[in-house]
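Next up, data26.pdb (PDB, C-alpha atoms):
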MODEL        1
ATOM      1  CA  MET H  22      86.728  60.238  99.712
ATOM      2  CA  ALA H  23      83.559  61.601  98.122
ATOM      3  CA  PRO H  24      81.976  59.384  95.456
ATOM      4  CA  GLU H  25      82.610  60.506  91.896
ATOM      5  CA  GLU H  26      79.707  62.282  90.283
ATOM      6  CA  GLU H  27      78.067  60.683  87.269
ATOM      7  CA  LYS H  28      78.087  62.806  84.138
ATOM      8  CA  THR H  29      74.770  63.987  82.721
ATOM      9  CA  ALA H  30      76.020  64.798  79.223
ATOM     10  CA  LEU H  31      78.373  62.862  76.936
ATOM     11  CA  THR H  32      80.082  63.564  73.625
ATOM     12  CA  VAL H  33      80.806  60.696  71.238
ATOM     13  CA  GLY H  34      83.684  61.264  68.833
ATOM     14  CA  VAL H  35      84.321  59.448  65.561
ATOM     15  CA  VAL H  36      86.568  60.001  62.557
ATOM     16  CA  LEU H  37      84.429  60.812  59.544
ATOM     17  CA  THR H  38      84.502  58.548  56.496
ATOM     18  CA  SER H  39      84.739  59.537  52.845
ATOM     19  CA  ASP H  40      81.004  60.337  53.131
ATOM     20  CA  PRO H  41      81.114  62.928  55.945
ATOM     21  CA  GLU H  42      77.457  63.937  55.692
ATOM     22  CA  GLY H  43      76.333  60.328  55.796
ATOM     23  CA  SER H  44      78.651  59.706  58.768
ATOM     24  CA  ARG H  45      77.222  62.686  60.645
ATOM     25  CA  THR H  46      73.660  61.536  60.017
ATOM     26  CA  SER H  47      74.473  58.044  61.318
ATOM     27  CA  LEU H  48      76.378  59.499  64.290
ATOM     28  CA  ASN H  49      73.436  61.705  65.253
ATOM     29  CA  ALA H  50      71.062  58.715  65.086
ATOM     30  CA  PHE H  51      73.416  56.675  67.272
ATOM     31  CA  CYS H  52      73.718  59.485  69.828
ATOM     32  CA  LYS H  53      69.935  59.872  69.984
ATOM     33  CA  ALA H  54      69.493  56.141  70.568
ATOM     34  CA  LEU H  55      72.272  56.027  73.194
ATOM     35  CA  SER H  56      70.682  58.985  74.963
ATOM     36  CA  GLU H  57      67.336  57.206  75.136
ATOM     37  CA  ALA H  58      68.988  54.005  76.395
ATOM     38  CA  THR H  59      71.066  55.653  79.144
ATOM     39  CA  GLY H  60      69.232  58.824  80.121
ATOM     40  CA  PHE H  61      72.325  60.936  79.368
ATOM     41  CA  GLU H  62      72.330  63.837  76.959
ATOM     42  CA  VAL H  63      74.530  62.525  74.133
ATOM     43  CA  ASN H  64      76.025  64.594  71.320
ATOM     44  CA  GLY H  65      78.282  63.625  68.441
ATOM     45  CA  LEU H  66      81.515  65.146  67.194
ATOM     46  CA  GLY H  67      83.031  64.164  63.843
ATOM     47  CA  GLY H  68      86.753  64.684  63.266
ATOM     48  CA  TRP H  69      89.155  64.114  60.419
ATOM     49  CA  ASN H  70      91.946  62.083  62.055
ATOM     50  CA  TYR H  71      92.672  59.978  65.115
ATOM     51  CA  ASN H  72      95.298  62.328  66.546
ATOM     52  CA  THR H  73      92.633  65.021  66.866
ATOM     53  CA  LEU H  74      90.193  62.535  68.395
ATOM     54  CA  LEU H  75      92.782  61.357  70.948
ATOM     55  CA  GLU H  76      93.548  64.949  71.937
ATOM     56  CA  ALA H  77      89.833  65.563  72.440
ATOM     57  CA  LEU H  78      89.564  62.438  74.616
ATOM     58  CA  GLU H  79      92.567  63.531  76.675
ATOM     59  CA  THR H  80      91.246  67.056  77.280
ATOM     60  CA  GLY H  81      87.699  65.867  78.009
ATOM     61  CA  GLU H  82      86.158  67.561  74.969
ATOM     62  CA  VAL H  83      85.118  64.038  73.897
ATOM     63  CA  ASP H  84      83.997  61.420  76.427
ATOM     64  CA  LEU H  85      83.623  58.348  74.192
ATOM     65  CA  GLY H  86      85.692  57.662  71.090
ATOM     66  CA  TRP H  87      85.558  55.028  68.372
ATOM     67  CA  LEU H  88      89.159  53.898  67.804
ATOM     68  CA  PRO H  89      90.935  51.314  65.643
ATOM     69  CA  PRO H  90      92.724  48.568  67.626
ATOM     70  CA  LEU H  91      96.312  49.865  67.455
ATOM     71  CA  VAL H  92      95.304  53.422  68.341
ATOM     72  CA  ALA H  93      93.212  52.118  71.240
ATOM     73  CA  MET H  94      96.027  49.857  72.465
ATOM     74  CA  ARG H  95      98.591  52.659  72.491
ATOM     75  CA  ALA H  96      96.219  55.159  74.112
ATOM     76  CA  THR H  97      95.284  52.599  76.771
ATOM     77  CA  SER H  98      98.946  51.866  77.547
ATOM     78  CA  ARG H  99      99.482  55.597  78.106
ATOM     79  CA  ALA H 100      96.471  55.758  80.466
ATOM     80  CA  ARG H 101      94.617  58.136  78.148
ATOM     81  CA  VAL H 102      91.510  56.007  77.596
ATOM     82  CA  MET H 103      89.694  52.981  78.996
ATOM     83  CA  PRO H 104      88.261  50.467  76.474
ATOM     84  CA  ILE H 105      84.650  49.672  77.319
ATOM     85  CA  VAL H 106      83.208  47.604  74.436
ATOM     86  CA  LEU H 107      84.281  45.862  71.238
ATOM     87  CA  PRO H 108      81.996  45.421  68.227
ATOM     88  CA  VAL H 109      81.031  41.960  67.027
ATOM     89  CA  ARG H 110      81.372  41.481  63.270
ATOM     90  CA  ASN H 111      80.838  38.213  61.417
ATOM     91  CA  GLY H 112      80.069  36.638  64.766
ATOM     92  CA  ALA H 113      83.412  37.539  66.355
ATOM     93  CA  SER H 114      85.018  40.449  68.205
ATOM     94  CA  SER H 115      88.446  39.840  66.663
ATOM     95  CA  TYR H 116      90.002  38.825  63.368
ATOM     96  CA  MET H 117      93.322  37.671  61.940
ATOM     97  CA  THR H 118      95.818  38.948  59.410
ATOM     98  CA  ALA H 119      97.189  36.752  56.653
ATOM     99  CA  LEU H 120     100.038  36.861  54.142
ATOM    100  CA  TYR H 121      98.878  35.204  50.958
ATOM    101  CA  ALA H 122      99.806  34.462  47.342
ATOM    102  CA  PRO H 123      97.792  33.317  44.307
ATOM    103  CA  LYS H 124      96.812  29.649  44.412
ATOM    104  CA  ALA H 125      99.092  28.874  41.457
ATOM    105  CA  SER H 126     102.108  30.619  42.983
ATOM    106  CA  PRO H 127     105.094  28.467  44.016
ATOM    107  CA  LEU H 128     105.265  30.490  47.249
ATOM    108  CA  ARG H 129     104.015  28.161  49.986
ATOM    109  CA  GLU H 130     106.081  28.527  53.159
ATOM    110  CA  ILE H 131     107.788  31.164  55.316
ATOM    111  CA  SER H 132     111.113  29.956  53.904
ATOM    112  CA  ASP H 133     109.944  31.055  50.425
ATOM    113  CA  LEU H 134     109.888  34.704  51.481
ATOM    114  CA  GLN H 135     113.001  35.937  49.711
ATOM    115  CA  GLY H 136     113.312  38.993  47.473
ATOM    116  CA  LEU H 137     109.565  39.388  46.941
ATOM    117  CA  ARG H 138     107.296  42.292  46.026
ATOM    118  CA  ALA H 139     104.885  42.729  48.929
ATOM    119  CA  ALA H 140     101.495  44.453  48.669
ATOM    120  CA  TRP H 141     100.378  46.316  51.799
ATOM    121  CA  VAL H 142      97.356  48.515  52.551
ATOM    122  CA  ASP H 143      99.189  51.408  54.237
ATOM    123  CA  ARG H 144     101.689  51.893  57.051
ATOM    124  CA  GLN H 145      98.942  52.478  59.636
ATOM    125  CA  SER H 146      96.881  49.382  58.753
ATOM    126  CA  ALA H 147      96.793  46.726  61.488
ATOM    127  CA  ALA H 148      95.815  43.769  59.294
ATOM    128  CA  GLY H 149      97.302  45.172  56.115
ATOM    129  CA  TYR H 150     100.815  45.971  57.376
ATOM    130  CA  ILE H 151     101.772  46.386  61.039
ATOM    131  CA  VAL H 152     100.656  43.149  62.696
ATOM    132  CA  LEU H 153     101.790  40.851  59.880
ATOM    133  CA  ARG H 154     105.262  42.417  59.795
ATOM    134  CA  ALA H 155     105.509  42.273  63.584
ATOM    135  CA  HIS H 156     104.580  38.580  63.429
ATOM    136  CA  LEU H 157     107.251  37.837  60.810
ATOM    137  CA  ARG H 158     109.893  39.642  62.841
ATOM    138  CA  SER H 159     108.836  37.731  65.966
ATOM    139  CA  ILE H 160     109.575  34.401  64.246
ATOM    140  CA  GLY H 161     112.938  35.547  62.934
ATOM    141  CA  VAL H 162     112.179  36.669  59.375
ATOM    142  CA  ASP H 163     114.559  39.316  58.006
ATOM    143  CA  LEU H 164     112.086  41.696  56.374
ATOM    144  CA  ASP H 165     114.704  43.367  54.199
ATOM    145  CA  ARG H 166     115.644  40.016  52.690
ATOM    146  CA  ALA H 167     112.066  38.815  52.450
ATOM    147  CA  PHE H 168     110.727  41.854  50.605
ATOM    148  CA  ARG H 169     112.750  43.715  48.008
ATOM    149  CA  GLU H 170     109.789  46.018  47.312
ATOM    150  CA  ASN H 171     107.085  47.273  49.693
ATOM    151  CA  LEU H 172     104.127  48.518  47.671
ATOM    152  CA  PHE H 173     101.177  50.376  49.218
ATOM    153  CA  PHE H 174      97.733  50.237  47.601
ATOM    154  CA  GLY H 175      95.441  52.006  50.081
ATOM    155  CA  SER H 176      92.781  49.315  50.553
ATOM    156  CA  HIS H 177      92.414  45.573  51.047
ATOM    157  CA  GLY H 178      90.604  45.276  47.722
ATOM    158  CA  GLU H 179      93.428  46.961  45.828
ATOM    159  CA  VAL H 180      95.990  44.736  47.556
ATOM    160  CA  ALA H 181      94.062  41.676  46.370
ATOM    161  CA  ARG H 182      93.857  42.996  42.830
ATOM    162  CA  ALA H 183      97.607  43.683  42.780
ATOM    163  CA  VAL H 184      98.425  40.162  43.979
ATOM    164  CA  LEU H 185      95.992  38.425  41.646
ATOM    165  CA  ARG H 186      97.094  40.298  38.534
ATOM    166  CA  GLY H 187     100.795  39.740  39.308
ATOM    167  CA  ASP H 188     101.798  43.275  40.282
ATOM    168  CA  ALA H 189     102.911  41.885  43.656
ATOM    169  CA  ASP H 190     104.034  38.441  44.769
ATOM    170  CA  VAL H 191     102.311  38.405  48.158
ATOM    171  CA  GLY H 192      99.804  40.563  50.026
ATOM    172  CA  ALA H 193      98.551  41.126  53.560
ATOM    173  CA  THR H 194      94.904  41.413  54.520
ATOM    174  CA  PHE H 195      92.266  40.667  57.169
ATOM    175  CA  VAL H 196      90.788  37.192  57.680
ATOM    176  CA  HIS H 197      87.723  36.121  59.642
ATOM    177  CA  VAL H 198      87.752  32.452  60.611
ATOM    178  CA  GLU H 199      85.496  30.050  62.455
ATOM    179  CA  PRO H 200      86.235  26.644  64.033
ATOM    180  CA  ASP H 201      86.024  23.676  61.670
ATOM    181  CA  PRO H 202      87.295  20.311  62.999
ATOM    182  CA  SER H 203      87.289  18.840  59.478
ATOM    183  CA  HIS H 204      89.812  21.381  58.219
ATOM    184  CA  PRO H 205      93.561  20.596  58.512
ATOM    185  CA  ARG H 206      94.097  23.823  60.482
ATOM    186  CA  GLY H 207      91.011  23.285  62.644
ATOM    187  CA  GLU H 208      89.309  26.389  61.276
ATOM    188  CA  ARG H 209      88.076  27.755  57.971
ATOM    189  CA  VAL H 210      88.025  31.191  56.406
ATOM    190  CA  VAL H 211      84.560  32.740  56.271
ATOM    191  CA  ARG H 212      85.582  36.170  54.980
ATOM    192  CA  ALA H 213      88.852  37.718  53.822
ATOM    193  CA  GLY H 214      90.241  40.659  51.890
ATOM    194  CA  TRP H 215      90.755  38.539  48.762
ATOM    195  CA  GLY H 216      87.011  37.854  48.453
ATOM    196  CA  ALA H 217      86.148  34.745  46.464
ATOM    197  CA  ALA H 218      89.558  34.454  44.769
ATOM    198  CA  GLU H 219      91.598  31.258  45.143
ATOM    199  CA  VAL H 220      94.721  31.949  47.162
ATOM    200  CA  HIS H 221      97.247  30.156  49.326
ATOM    201  CA  VAL H 222      97.769  31.457  52.870
ATOM    202  CA  ILE H 223     101.461  31.458  53.761
ATOM    203  CA  THR H 224     101.068  32.534  57.381
ATOM    204  CA  CYS H 225      98.522  34.082  59.754
ATOM    205  CA  ALA H 226      98.834  36.259  62.853
ATOM    206  CA  GLY H 227      96.494  37.580  65.499
ATOM    207  CA  PRO H 228      93.999  37.786  66.950
ATOM    208  CA  ILE H 229      93.446  41.488  66.319
ATOM    209  CA  PRO H 230      90.562  43.011  68.283
ATOM    210  CA  SER H 231      87.880  44.807  66.352
ATOM    211  CA  ASP H 232      87.556  48.566  66.689
ATOM    212  CA  VAL H 233      87.164  49.778  70.259
ATOM    213  CA  MET H 234      84.684  52.095  71.927
ATOM    214  CA  ALA H 235      86.875  53.761  74.544
ATOM    215  CA  ALA H 236      86.098  56.273  77.262
ATOM    216  CA  SER H 237      88.267  59.149  78.367
ATOM    217  CA  VAL H 238      89.831  58.452  81.755
ATOM    218  CA  ARG H 239      88.043  61.624  82.873
ATOM    219  CA  VAL H 240      84.675  59.858  82.592
ATOM    220  CA  PRO H 241      83.442  58.434  85.924
ATOM    221  CA  VAL H 242      83.486  54.634  86.084
ATOM    222  CA  SER H 243      79.766  54.528  86.877
ATOM    223  CA  THR H 244      79.065  56.425  83.649
ATOM    224  CA  MET H 245      81.316  54.092  81.648
ATOM    225  CA  ARG H 246      79.499  51.066  83.067
ATOM    226  CA  LYS H 247      76.068  52.474  82.224
ATOM    227  CA  VAL H 248      77.089  53.063  78.602
ATOM    228  CA  GLN H 249      78.742  49.642  78.483
ATOM    229  CA  ARG H 250      75.583  47.887  79.706
ATOM    230  CA  ALA H 251      73.437  49.753  77.193
ATOM    231  CA  LEU H 252      75.652  48.799  74.247
ATOM    232  CA  VAL H 253      76.193  45.158  75.238
ATOM    233  CA  GLY H 254      72.454  44.736  75.751
ATOM    234  CA  SER H 255      71.394  46.712  72.675
ATOM    235  CA  GLY H 256      70.433  43.695  70.534
ATOM    236  CA  ASP H 257      67.843  44.579  67.905
ATOM    237  CA  SER H 258      66.769  47.780  69.660
ATOM    238  CA  GLU H 259      66.963  51.232  68.104
ATOM    239  CA  LEU H 260      70.443  51.540  69.640
ATOM    240  CA  GLY H 261      71.520  48.224  68.131
ATOM    241  CA  ARG H 262      70.245  49.223  64.700
ATOM    242  CA  ALA H 263      71.954  52.629  64.904
ATOM    243  CA  ALA H 264      75.224  50.923  65.901
ATOM    244  CA  ARG H 265      75.007  48.594  62.901
ATOM    245  CA  THR H 266      74.567  51.542  60.572
ATOM    246  CA  LEU H 267      77.371  53.653  62.057
ATOM    247  CA  PHE H 268      79.912  51.008  63.047
ATOM    248  CA  GLY H 269      78.908  47.884  61.117
ATOM    249  CA  ALA H 270      78.494  46.132  64.469
ATOM    250  CA  GLU H 271      76.205  43.133  64.902
ATOM    251  CA  GLY H 272      76.480  43.610  68.654
ATOM    252  CA  PHE H 273      78.994  44.416  71.398
ATOM    253  CA  VAL H 274      80.992  42.573  74.031
ATOM    254  CA  VAL H 275      82.644  43.952  77.149
ATOM    255  CA  ALA H 276      86.243  44.967  76.454
ATOM    256  CA  LEU H 277      88.648  42.965  78.629
ATOM    257  CA  SER H 278      92.416  43.229  78.988
ATOM    258  CA  GLU H 279      92.879  39.887  77.233
ATOM    259  CA  HIS H 280      91.365  41.379  74.075
ATOM    260  CA  LEU H 281      94.270  43.817  73.685
ATOM    261  CA  ASP H 282      97.108  41.984  75.470
ATOM    262  CA  PRO H 283      98.077  39.580  72.625
ATOM    263  CA  LEU H 284      98.282  42.486  70.198
ATOM    264  CA  ALA H 285     100.334  44.543  72.644
ATOM    265  CA  LYS H 286     102.836  41.701  73.122
ATOM    266  CA  LEU H 287     103.189  41.190  69.383
ATOM    267  CA  ILE H 288     103.617  44.877  68.627
ATOM    268  CA  ALA H 289     106.381  45.019  71.236
ATOM    269  CA  LYS H 290     108.417  43.222  68.526
ATOM    270  CA  GLN H 291     107.161  45.610  65.867
ATOM    271  CA  ASP H 292     108.983  46.608  62.729
ATOM    272  CA  PRO H 293     110.734  49.930  63.504
ATOM    273  CA  GLU H 294     109.524  51.267  60.150
ATOM    274  CA  ALA H 295     105.873  50.831  61.146
TER     275      ALA H 295
ENDMDL
END

Mind turning the file's structure into C-alpha cells?
Amino acid sequence: MAPEEEKTALTVGVVLTSDPEGSRTSLNAFCKALSEATGFEVNGLGGWNYNTLLEALETGEVDLGWLPPLVAMRATSRARVMPIVLPVRNGASSYMTALYAPKASPLREISDLQGLRAAWVDRQSAAGYIVLRAHLRSIGVDLDRAFRENLFFGSHGEVARAVLRGDADVGATFVHVEPDPSHPRGERVVRAGWGAAEVHVITCAGPIPSDVMAASVRVPVSTMRKVQRALVGSGDSELGRAARTLFGAEGFVVALSEHLDPLAKLIAKQDPEA
C-alpha cells in the first residue's frame, strides 16, 4: 500500500460569533500563525452553524473544525472527524456542570427536586441543559416530576440572574474546579456561571471536555499529527497568542479517547427531549 500523501494546504472552519468581523480577523491571524508553525498553507472559513461546518468537514471542504464537545462526540462516533487537541482553560481541559439554588433556598438534596421551575441555557447547551439532565436520569430522577417548568434563558449569565431573583428555583451552569483537600468534597469551585453569587450546589456531573479541534477523516494522519504537535507546543508563541484570542485557550493538550468517553457513556442515558 502506498503511503498517504501529506496535504500542503488546509482550511480551518469555525462558527462565527455575534461579532463576525472580529471573528474573521482572529481566524485569519490564527491561520497565518498555524501556517508559519507547520509549513502548510492555511486558510480560514467562517460559518453560521455547526451543521454546515460538519457537512464541510465530511465533504473535505474544511480540514480542521472547532467543535463544541457534544457535536464533536457525535461526529466522532459516526467516523466523520478525528479529535486532535483540546483547549486548556482555567488550567484544565474539561469542566463540570452543576444544578444549583440560591444559598438561602431550602432546596439542598436530589430528593428536593419536586415540582420546580428549572432555568436552562438552551436545549443544545452541554453544561446548561443536556449533560445535567442526562446525569439526573442516570441516577433515577423523574424529570417530569422534578421540573414542572423548563425555562430557557439563552446564556449562563441570564440563568444565574433568573435563579437569584427568584424567577426560577434551580439553574444549570458550568463549573471549573480544582483539587482542595481541605474542602469537604475534596475540591473547590474556581469559576462558575453564577459568578460571585452565594449559591448551594445540589448536584454536579461531568467531566465535560472543552471544545475540540477535530480533523476531517479525509486528512492524512501525518498532517493531523503535525498540526497537533504545533498546537500542543504553541506556548507563548505567535500561534499560542492567536489561539488565545480566537478560542480563549491558554494552551492545548492531545485529545485522547478518555476525554470523550465519559461524556459518551452519560449521554447514552440522555433525556429524549434533548

Using the chain letters and numbers from the file, give me the residues hit by the PyMOL selection byres ((chain H and resi 257-260) around 7), as a short mmCIF file (atom, residue, chain, number, x, y, z; two decimals) with C-alpha atoms, keeping the file's coordinate frame.
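Okay, part11.cif is ready:
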data_model
loop_
_atom_site.label_atom_id
_atom_site.label_comp_id
_atom_site.auth_asym_id
_atom_site.auth_seq_id
_atom_site.Cartn_x
_atom_site.Cartn_y
_atom_site.Cartn_z
CA PHE H 51 73.42 56.68 67.27
CA ALA H 54 69.49 56.14 70.57
CA LEU H 55 72.27 56.03 73.19
CA SER H 255 71.39 46.71 72.68
CA GLY H 256 70.43 43.70 70.53
CA GLY H 261 71.52 48.22 68.13
CA ARG H 262 70.24 49.22 64.70
CA ALA H 263 71.95 52.63 64.90
CA ALA H 264 75.22 50.92 65.90
#

Around the point (91.8, 39.0, 45.4), in the coordinates given by the file, pick out the residues reaching within 8 Å, counting all atoms listed in the file, and return them as a PDB file with C-alpha atoms, in the frame of the given file.
ATOM      1  CA  GLY H 178      90.604  45.276  47.722  1.00  0.00           C
ATOM      2  CA  VAL H 180      95.990  44.736  47.556  1.00  0.00           C
ATOM      3  CA  ALA H 181      94.062  41.676  46.370  1.00  0.00           C
ATOM      4  CA  ARG H 182      93.857  42.996  42.830  1.00  0.00           C
ATOM      5  CA  ALA H 183      97.607  43.683  42.780  1.00  0.00           C
ATOM      6  CA  VAL H 184      98.425  40.162  43.979  1.00  0.00           C
ATOM      7  CA  LEU H 185      95.992  38.425  41.646  1.00  0.00           C
ATOM      8  CA  GLY H 214      90.241  40.659  51.890  1.00  0.00           C
ATOM      9  CA  TRP H 215      90.755  38.539  48.762  1.00  0.00           C
ATOM     10  CA  GLY H 216      87.011  37.854  48.453  1.00  0.00           C
ATOM     11  CA  ALA H 217      86.148  34.745  46.464  1.00  0.00           C
ATOM     12  CA  ALA H 218      89.558  34.454  44.769  1.00  0.00           C
ATOM     13  CA  GLU H 219      91.598  31.258  45.143  1.00  0.00           C
ATOM     14  CA  VAL H 220      94.721  31.949  47.162  1.00  0.00           C
TER      15      VAL H 220
END

Report as a short mmCIF file (atom, residue, chain, number, x, y, z; two decimals) with C-alpha atoms, in the frame of the given file all protein, DNA and RNA residues lying within 10 Å of Gly192 in chain H, evaluated on all atoms listed in the file, omitting residues in the same chain fewer than 4 positions from it.
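And here's around_11.cif as it stands now:
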data_model
loop_
_atom_site.label_atom_id
_atom_site.label_comp_id
_atom_site.auth_asym_id
_atom_site.auth_seq_id
_atom_site.Cartn_x
_atom_site.Cartn_y
_atom_site.Cartn_z
CA ALA H 119 97.19 36.75 56.65
CA LEU H 120 100.04 36.86 54.14
CA TYR H 121 98.88 35.20 50.96
CA ALA H 122 99.81 34.46 47.34
CA PRO H 123 97.79 33.32 44.31
CA ARG H 138 107.30 42.29 46.03
CA ALA H 139 104.88 42.73 48.93
CA ALA H 140 101.50 44.45 48.67
CA TRP H 141 100.38 46.32 51.80
CA VAL H 142 97.36 48.52 52.55
CA GLY H 149 97.30 45.17 56.12
CA TYR H 150 100.82 45.97 57.38
CA ASN H 171 107.08 47.27 49.69
CA LEU H 172 104.13 48.52 47.67
CA PHE H 173 101.18 50.38 49.22
CA HIS H 177 92.41 45.57 51.05
CA GLU H 179 93.43 46.96 45.83
CA VAL H 180 95.99 44.74 47.56
CA ALA H 181 94.06 41.68 46.37
CA ARG H 182 93.86 43.00 42.83
CA ALA H 183 97.61 43.68 42.78
CA VAL H 184 98.42 40.16 43.98
CA LEU H 185 95.99 38.42 41.65
CA GLY H 214 90.24 40.66 51.89
CA TRP H 215 90.76 38.54 48.76
CA VAL H 222 97.77 31.46 52.87
CA ILE H 223 101.46 31.46 53.76
#

message: Please compute the CA of Ile105 in chain H-CA of Thr29 in chain H distance, one decimal, in Å.
response: 18.2 Å

CA of Val253 in chain H to CA of Glu271 in chain H, distance in Å rounded to a single decimal: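 Separating CA of Val253 in chain H from CA of Glu271 in chain H is a distance of 10.5 Å.
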
- request: Would you write out, as an NGL selection string, every residue that the PyMOL selection byres ((chain H and resi 78-93) around 9) captures in this file?
  value: :H and (31-36 or 65-66 or 71 or 73-77 or 94-98 or 101-104 or 145-147 or 229-240 or 245 or 268 or 281 or 284-285 or 288)

query: In Å, how far is it from CA of Gln135 in chain H to CA of Arg169 in chain H?
result: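 Rounded to one decimal, the two atoms are 8.0 Å apart.
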
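Of the listed residues (H:Val242, H:Leu48, H:Leu137, H:Ala270), H:Leu137 comes nearest to Ala189 in chain H; the distances count all atoms listed in the file.
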
- request: For the file shown, report as a PyMOL selection string the outcome of the PyMOL selection byres ((chain H and resi 162-166) around 10) at residue level.
  value: chain H and resi 131-132+134-137+154-161+167-171+292

Calculate, to one decimal in Å, the centre and edge lengths of the box along x, y and z of the file that holds all listed atoms of range 52-55 of chain H with 4 Å of margin on each side, and present them as lines of an AutoDock Vina configuration file.
center_x = 71.6
center_y = 57.9
center_z = 71.5
size_x = 12.2
size_y = 11.8
size_z = 11.4

Given all atoms listed in the file as the counted atoms, nearest of H:Ala226, H:Ala113, H:Ala276, H:Val248 to Ile151 in chain H: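 Looking only at the distances to Ile151 in chain H, the closest residue turns out to be H:Ala226.
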
As a CSV table (one decimal), in the frame of the given file, could you write out range 127-149 of chain H once it has been completed with N, CA and C atoms?
chain,number,residue,atom,x,y,z
H,127,PRO,N,104.2,29.5,43.3
H,127,PRO,CA,105.1,28.5,44.0
H,127,PRO,C,105.4,28.8,45.5
H,128,LEU,N,105.0,30.0,45.9
H,128,LEU,CA,105.3,30.5,47.2
H,128,LEU,C,104.3,29.8,48.2
H,129,ARG,N,104.9,29.0,49.1
H,129,ARG,CA,104.0,28.2,50.0
H,129,ARG,C,104.3,28.3,51.5
H,130,GLU,N,105.6,28.6,51.8
H,130,GLU,CA,106.1,28.5,53.2
H,130,GLU,C,106.8,29.8,53.5
H,131,ILE,N,107.0,30.0,54.8
H,131,ILE,CA,107.8,31.2,55.3
H,131,ILE,C,109.2,31.2,54.7
H,132,SER,N,109.8,30.0,54.5
H,132,SER,CA,111.1,30.0,53.9
H,132,SER,C,111.2,30.4,52.5
H,133,ASP,N,110.0,30.6,51.8
H,133,ASP,CA,109.9,31.1,50.4
H,133,ASP,C,110.0,32.6,50.3
H,134,LEU,N,109.9,33.2,51.5
H,134,LEU,CA,109.9,34.7,51.5
H,134,LEU,C,111.3,35.3,51.3
H,135,GLN,N,111.7,35.4,50.0
H,135,GLN,CA,113.0,35.9,49.7
H,135,GLN,C,112.9,36.8,48.5
H,136,GLY,N,113.3,38.1,48.6
H,136,GLY,CA,113.3,39.0,47.5
H,136,GLY,C,112.0,39.2,46.8
H,137,LEU,N,110.9,39.3,47.5
H,137,LEU,CA,109.6,39.4,46.9
H,137,LEU,C,109.1,40.8,46.9
H,138,ARG,N,108.0,41.0,46.1
H,138,ARG,CA,107.3,42.3,46.0
H,138,ARG,C,106.1,42.1,46.9
H,139,ALA,N,106.0,42.9,48.0
H,139,ALA,CA,104.9,42.7,48.9
H,139,ALA,C,103.9,43.9,48.8
H,140,ALA,N,102.6,43.5,48.8
H,140,ALA,CA,101.5,44.5,48.7
H,140,ALA,C,100.9,44.7,50.1
H,141,TRP,N,100.9,45.9,50.5
H,141,TRP,CA,100.4,46.3,51.8
H,141,TRP,C,99.3,47.3,51.6
H,142,VAL,N,98.4,47.5,52.6
H,142,VAL,CA,97.4,48.5,52.6
H,142,VAL,C,98.0,49.9,52.7
H,143,ASP,N,98.4,50.2,54.0
H,143,ASP,CA,99.2,51.4,54.2
H,143,ASP,C,99.9,51.2,55.5
H,144,ARG,N,100.8,52.1,55.9
H,144,ARG,CA,101.7,51.9,57.1
H,144,ARG,C,101.0,51.9,58.4
H,145,GLN,N,99.7,52.4,58.4
H,145,GLN,CA,98.9,52.5,59.6
H,145,GLN,C,97.9,51.3,59.8
H,146,SER,N,97.9,50.5,58.8
H,146,SER,CA,96.9,49.4,58.8
H,146,SER,C,97.3,48.2,59.7
H,147,ALA,N,96.5,47.8,60.6
H,147,ALA,CA,96.8,46.7,61.5
H,147,ALA,C,96.9,45.4,60.7
H,148,ALA,N,95.8,45.0,60.0
H,148,ALA,CA,95.8,43.8,59.3
H,148,ALA,C,96.6,43.8,58.0
H,149,GLY,N,96.7,45.0,57.4
H,149,GLY,CA,97.3,45.2,56.1
H,149,GLY,C,98.8,45.6,56.1
